[in-house]
>>> print(open('structure.txt').read())   # compact mmCIF, C-alpha atoms
# COMPACT_ATOMS: atom_id res chain seq x y z
CA MET G 1 24.34 0.45 1.23
CA GLY G 2 21.83 3.31 1.25
CA LYS G 3 18.09 2.80 1.08
CA LYS G 4 18.10 3.88 -2.60
CA GLU G 5 20.12 0.80 -3.62
CA LEU G 6 17.88 -1.69 -1.83
CA ASN G 7 15.70 -3.96 -3.90
CA ASN G 8 12.56 -3.70 -1.79
CA TYR G 9 9.02 -4.22 -3.09
CA SER G 10 5.85 -2.66 -1.77
CA PHE G 11 2.47 -4.39 -1.71
CA ILE G 12 -0.35 -1.87 -1.37
CA ASP G 13 -3.96 -2.60 -0.41
CA SER G 14 -5.46 0.31 -2.41
CA GLN G 15 -8.92 0.27 -0.83
CA ASN G 16 -7.53 0.23 2.71
CA LEU G 17 -5.02 2.97 1.87
CA ASN G 18 -7.62 5.17 0.18
CA LEU G 19 -10.25 4.82 2.92
CA GLY G 20 -7.66 5.25 5.68
CA ILE G 21 -6.37 8.52 4.24
CA GLN G 22 -9.95 9.75 3.61
CA LYS G 23 -10.73 9.17 7.31
CA LEU G 24 -7.80 11.46 8.13
CA GLY G 25 -9.46 14.17 6.03
CA TRP G 26 -6.96 14.60 3.21
CA LYS G 27 -6.25 13.33 -0.29
CA LEU G 28 -3.17 11.28 -1.15
CA ASP G 29 -0.78 12.33 -3.91
CA TYR G 30 0.24 9.00 -5.44
CA LYS G 31 3.23 10.48 -7.28
CA ARG G 32 4.58 11.74 -3.97
CA LEU G 33 3.84 8.37 -2.34
CA ARG G 34 5.84 6.56 -5.03
CA VAL G 35 8.85 8.87 -4.51
CA TYR G 36 8.51 8.49 -0.72
CA LEU G 37 8.51 4.68 -0.96
CA LYS G 38 11.63 4.78 -3.14
CA GLU G 39 13.55 7.30 -1.04
CA LYS G 40 12.54 6.17 2.45
CA TYR G 41 12.31 2.40 1.97
CA GLY G 42 14.30 1.62 -1.20
CA VAL G 43 11.20 0.36 -3.05
CA GLU G 44 12.03 -0.68 -6.63
CA LYS G 45 8.67 -2.28 -7.49
CA ALA G 46 5.46 -0.88 -6.03
CA TYR G 47 2.41 -3.08 -6.54
CA ILE G 48 -1.07 -1.66 -6.03
CA PHE G 49 -3.85 -4.21 -5.63
CA ILE G 50 -7.08 -2.63 -6.81
CA GLY G 51 -10.57 -3.62 -7.87
CA PHE G 52 -11.19 -3.03 -11.56
CA VAL G 53 -13.99 -0.60 -12.48
CA ALA G 54 -14.03 0.54 -16.12
CA LEU G 55 -15.02 4.11 -15.17
CA ASN G 56 -11.77 4.48 -13.20
CA GLN G 57 -9.44 4.18 -16.21
CA GLY G 58 -8.11 7.71 -15.65
CA LEU G 59 -7.08 6.79 -12.12
CA TYR G 60 -5.37 3.62 -13.35
CA ASP G 61 -3.47 5.57 -16.00
CA SER G 62 -2.25 8.14 -13.47
CA LEU G 63 -1.15 5.41 -11.02
CA GLN G 64 0.86 3.72 -13.77
CA GLU G 65 2.39 7.05 -14.81
CA ALA G 66 3.44 7.58 -11.17
CA GLY G 67 5.37 4.29 -11.35
CA PHE G 68 3.00 1.79 -9.74
CA ILE G 69 2.38 -1.73 -11.06
CA LEU G 70 -1.36 -2.33 -10.99
CA LYS G 71 -2.77 -5.75 -10.11
CA PHE G 72 -6.48 -5.80 -10.85
CA LYS G 73 -9.15 -7.84 -9.14
CA PRO G 74 -12.56 -8.25 -10.80
CA THR G 75 -15.23 -6.39 -8.83
CA ILE G 76 -18.74 -7.50 -7.98
CA PRO G 77 -21.56 -5.60 -6.29
CA ASP G 78 -22.42 -6.79 -2.78
CA ASP G 79 -25.98 -7.19 -1.45
CA ASP G 80 -26.25 -3.40 -1.01
CA GLY G 81 -24.99 -2.68 -4.53
CA LYS G 82 -21.60 -1.44 -3.28
CA ILE G 83 -18.69 -2.52 -5.46
CA LYS G 84 -16.40 -5.10 -3.79
CA GLY G 85 -13.01 -6.24 -5.05
CA ASN G 86 -11.30 -8.06 -2.21
CA VAL G 87 -7.58 -7.98 -2.98
CA ASP G 88 -6.22 -9.60 0.20
CA ALA G 89 -5.49 -13.06 -1.22
CA ASP G 90 -3.95 -11.56 -4.37
CA LEU G 91 -1.62 -9.36 -2.34
CA VAL G 92 -0.50 -12.25 -0.12
CA LEU G 93 0.01 -14.55 -3.09
CA ARG G 94 2.10 -11.97 -5.00
CA ALA G 95 4.23 -11.21 -1.92
CA MET G 96 4.95 -14.93 -1.49
CA LEU G 97 5.48 -15.74 -5.19
CA GLU G 98 8.12 -13.01 -5.44
CA ILE G 99 9.70 -13.46 -1.98
CA ASN G 100 13.04 -14.49 -3.49
CA ASP G 101 13.06 -11.52 -5.87
CA TYR G 102 13.09 -8.74 -3.28
CA ALA G 103 15.27 -7.91 -0.30
CA LYS G 104 12.42 -6.80 1.96
CA ALA G 105 8.70 -6.06 1.71
CA VAL G 106 6.80 -2.87 2.49
CA ILE G 107 3.16 -3.72 3.23
CA VAL G 108 0.74 -0.77 3.00
CA SER G 109 -2.48 -1.55 4.87
CA SER G 110 -4.17 -1.42 8.27
CA ASP G 111 -6.01 -4.70 7.66
CA GLY G 112 -5.53 -7.47 10.21
CA ASP G 113 -6.16 -10.05 7.48
CA PHE G 114 -2.49 -9.58 6.54
CA TYR G 115 -1.16 -10.58 9.94
CA SER G 116 -0.03 -14.07 8.87
CA LEU G 117 1.87 -12.64 5.88
CA VAL G 118 3.43 -9.96 8.08
CA GLN G 119 4.30 -12.54 10.72
CA HIS G 120 6.06 -14.74 8.12
CA LEU G 121 7.94 -11.79 6.61
CA TYR G 122 8.94 -10.59 10.08
CA GLU G 123 10.17 -14.02 11.21
CA THR G 124 12.18 -14.55 8.00
CA LYS G 125 13.70 -11.03 8.20
CA LYS G 126 11.95 -10.05 4.94
CA LEU G 127 9.79 -7.26 6.43
CA GLU G 128 11.02 -3.71 5.96
CA VAL G 129 7.88 -2.01 7.34
CA VAL G 130 4.10 -2.12 7.58
CA LEU G 131 2.87 1.32 6.61
CA SER G 132 -0.60 1.85 8.03
CA PRO G 133 -2.74 4.71 6.70
CA ASP G 134 -4.19 5.51 10.12
CA VAL G 135 -3.06 4.54 13.63
CA LYS G 136 -6.63 4.69 15.04
CA ASN G 137 -8.05 2.30 12.45
CA CYS G 138 -5.12 -0.09 12.34
CA SER G 139 -5.69 -3.68 13.37
CA THR G 140 -4.29 -4.53 16.81
CA LEU G 141 -3.28 -7.91 15.38
CA LEU G 142 -1.18 -6.19 12.73
CA LYS G 143 0.44 -3.91 15.33
CA LYS G 144 1.37 -6.89 17.52
CA THR G 145 2.74 -8.85 14.58
CA ALA G 146 4.80 -6.10 12.94
CA LYS G 147 6.12 -4.84 16.32
CA GLU G 148 8.83 -2.19 15.79
CA LYS G 149 8.34 -2.39 12.00
CA MET G 150 4.98 -0.58 12.24
CA GLN G 151 4.79 2.96 10.82
CA TYR G 152 1.79 5.25 10.33
CA MET G 153 0.86 7.76 7.65
CA ASN G 154 -0.93 10.13 10.08
CA ASP G 155 2.17 12.33 10.28
CA LEU G 156 2.92 12.29 6.54
CA ARG G 157 0.26 14.73 5.40
CA ASN G 158 2.77 17.51 4.66
CA LYS G 159 4.84 15.09 2.53
CA LEU G 160 2.10 13.14 0.77
CA GLU G 161 -1.01 15.31 0.52
CA TYR G 162 -2.32 16.07 -2.96
CA LYS G 163 -2.32 19.80 -3.56
CA LYS G 164 -4.16 21.31 -6.49
CA LYS G 165 -1.85 23.05 -8.92
CA SER G 166 -2.23 26.83 -9.06
CA THR G 167 -3.88 28.00 -12.29
CA ILE G 168 -2.40 31.50 -12.14
>>> encode(input="structure.txt", output="structure tokens")
Amino acid sequence: MGKKELNNYSFIDSQNLNLGIQKLGWKLDYKRLRVYLKEKYGVEKAYIFIGFVALNQGLYDSLQEAGFILKFKPTIPDDDGKIKGNVDADLVLRAMLEINDYAKAVIVSSDGDFYSLVQHLYETKKLEVVLSPDVKNCSTLLKKTAKEKMQYMNDLRNKLEYKKKSTI
């Protein structure tokens, strides 16, 4: 069975993905990411866990058009006025609630808070890969837990970078 026929699901920590790619100095093309997840890892359902901010409706629309399933978390400003929408618990809960619905999981994050989920998926042979946005900013705990299932997006710029369309 080829990767395309697999029934894998991806669970994406949007904030961690976005900040990780920004640190690398490029902008992610979400349409390309969705195709990459399907072709490389057999991802049928791609969940993005994201804080809800009304002003970002255009972003949400484009993510849905690219084929992502958005799971919103209410956002609240922190003490400094920065918007916070911690999606970690939501991502873990969704991955566990649907564990019998998918063959394997693709976790997209560098956050060590996911190590217990990754450890469980690894031990039960339900982990396809942990795709970390940036090797330098990836949690050591996550690296140790995912072992050989750890992959990094540092080398995917040519495949996944957003390029402005020519207006000629």
>>> closest_residue(input="structure.txt", among="G:Leu28, G:Leu37, G:Ile83, G:Leu117", to="Lys164 (chain G)", atoms="all atoms listed in the file")
G:Leu28
>>> atom_distance(input="structure.txt", atom1="CA of Arg94 (chain G)", atom2="CA of Gln15 (chain G)")
17.0 Å
>>> closest_residue(input="structure.txt", among="G:Ser109, G:Asn100, G:Asn56, G:Asn158", to="Leu121 (chain G)", atoms="all atoms listed in the file")
G:Asn100
>>> atom_distance(input="structure.txt", atom1="CA of Ala46 (chain G)", atom2="CA of Lys71 (chain G)")
10.4 Å
>>> closest_residue(input="structure.txt", among="G:Asn16, G:Asn86, G:Gln151, G:Asn8", to="Tyr41 (chain G)", atoms="only C-alpha atoms")
G:Asn8
>>> closest_residue(input="structure.txt", among="G:Leu127, G:Val135, G:Val92, G:Leu59", to="Lys149 (chain G)", atoms="only C-alpha atoms")
G:Leu127
>>> closest_residue(input="structure.txt", among="G:Arg34, G:Lys104, G:Lys136, G:Lys84", to="Ile12 (chain G)", atoms="only C-alpha atoms")
G:Arg34
>>> atom_distance(input="structure.txt", atom1="CA of Leu33 (chain G)", atom2="CA of Met153 (chain G)")
10.4 Å
>>> residues_around(input="structure.txt", residues="Asp13 (chain G)", least_positions_apart="2", cutoff="8 Å", atoms="all atoms listed in the file", output="list of chain:residue names")
G:Phe11, G:Gln15, G:Asn16, G:Leu17, G:Ile48, G:Phe49, G:Ile50, G:Val87, G:Asp88, G:Leu91, G:Val108, G:Ser109
>>> decode(input="structure.txt", residues="region 47-86 of chain G", atoms="C-alpha atoms", output="CSV table (one decimal), in the first residue's frame")
chain,number,residue,atom,x,y,z
G,47,TYR,CA,-6.3,19.4,11.7
G,48,ILE,CA,-4.9,22.8,12.5
G,49,PHE,CA,-5.3,24.0,16.1
G,50,ILE,CA,-5.4,27.8,16.2
G,51,GLY,CA,-6.4,30.6,18.4
G,52,PHE,CA,-9.5,32.5,17.2
G,53,VAL,CA,-9.1,36.2,16.4
G,54,ALA,CA,-11.9,37.7,14.4
G,55,LEU,CA,-9.5,39.9,12.3
G,56,ASN,CA,-7.9,36.7,10.9
G,57,GLN,CA,-11.0,35.4,9.1
G,58,GLY,CA,-9.2,35.7,5.7
G,59,LEU,CA,-6.5,33.4,7.0
G,60,TYR,CA,-9.0,30.9,8.3
G,61,ASP,CA,-10.8,30.9,4.9
G,62,SER,CA,-7.6,30.2,3.0
G,63,LEU,CA,-6.6,27.4,5.4
G,64,GLN,CA,-10.0,25.8,4.9
G,65,GLU,CA,-9.7,26.2,1.1
G,66,ALA,CA,-6.3,24.5,1.3
G,67,GLY,CA,-8.0,21.5,2.8
G,68,PHE,CA,-7.3,21.9,6.6
G,69,ILE,CA,-9.9,21.3,9.3
G,70,LEU,CA,-9.7,24.2,11.7
G,71,LYS,CA,-10.1,23.7,15.5
G,72,PHE,CA,-10.4,27.0,17.2
G,73,LYS,CA,-9.4,27.9,20.7
G,74,PRO,CA,-10.8,31.1,22.3
G,75,THR,CA,-8.0,33.7,22.8
G,76,ILE,CA,-7.3,35.9,25.7
G,77,PRO,CA,-4.7,38.7,26.1
G,78,ASP,CA,-1.9,37.9,28.6
G,79,ASP,CA,-0.5,40.4,31.1
G,80,ASP,CA,1.4,42.1,28.4
G,81,GLY,CA,-1.6,42.4,26.1
G,82,LYS,CA,-0.3,39.7,23.7
G,83,ILE,CA,-3.0,37.3,22.4
G,84,LYS,CA,-2.8,33.8,23.8
G,85,GLY,CA,-4.7,30.7,22.6
G,86,ASN,CA,-3.0,27.7,24.1
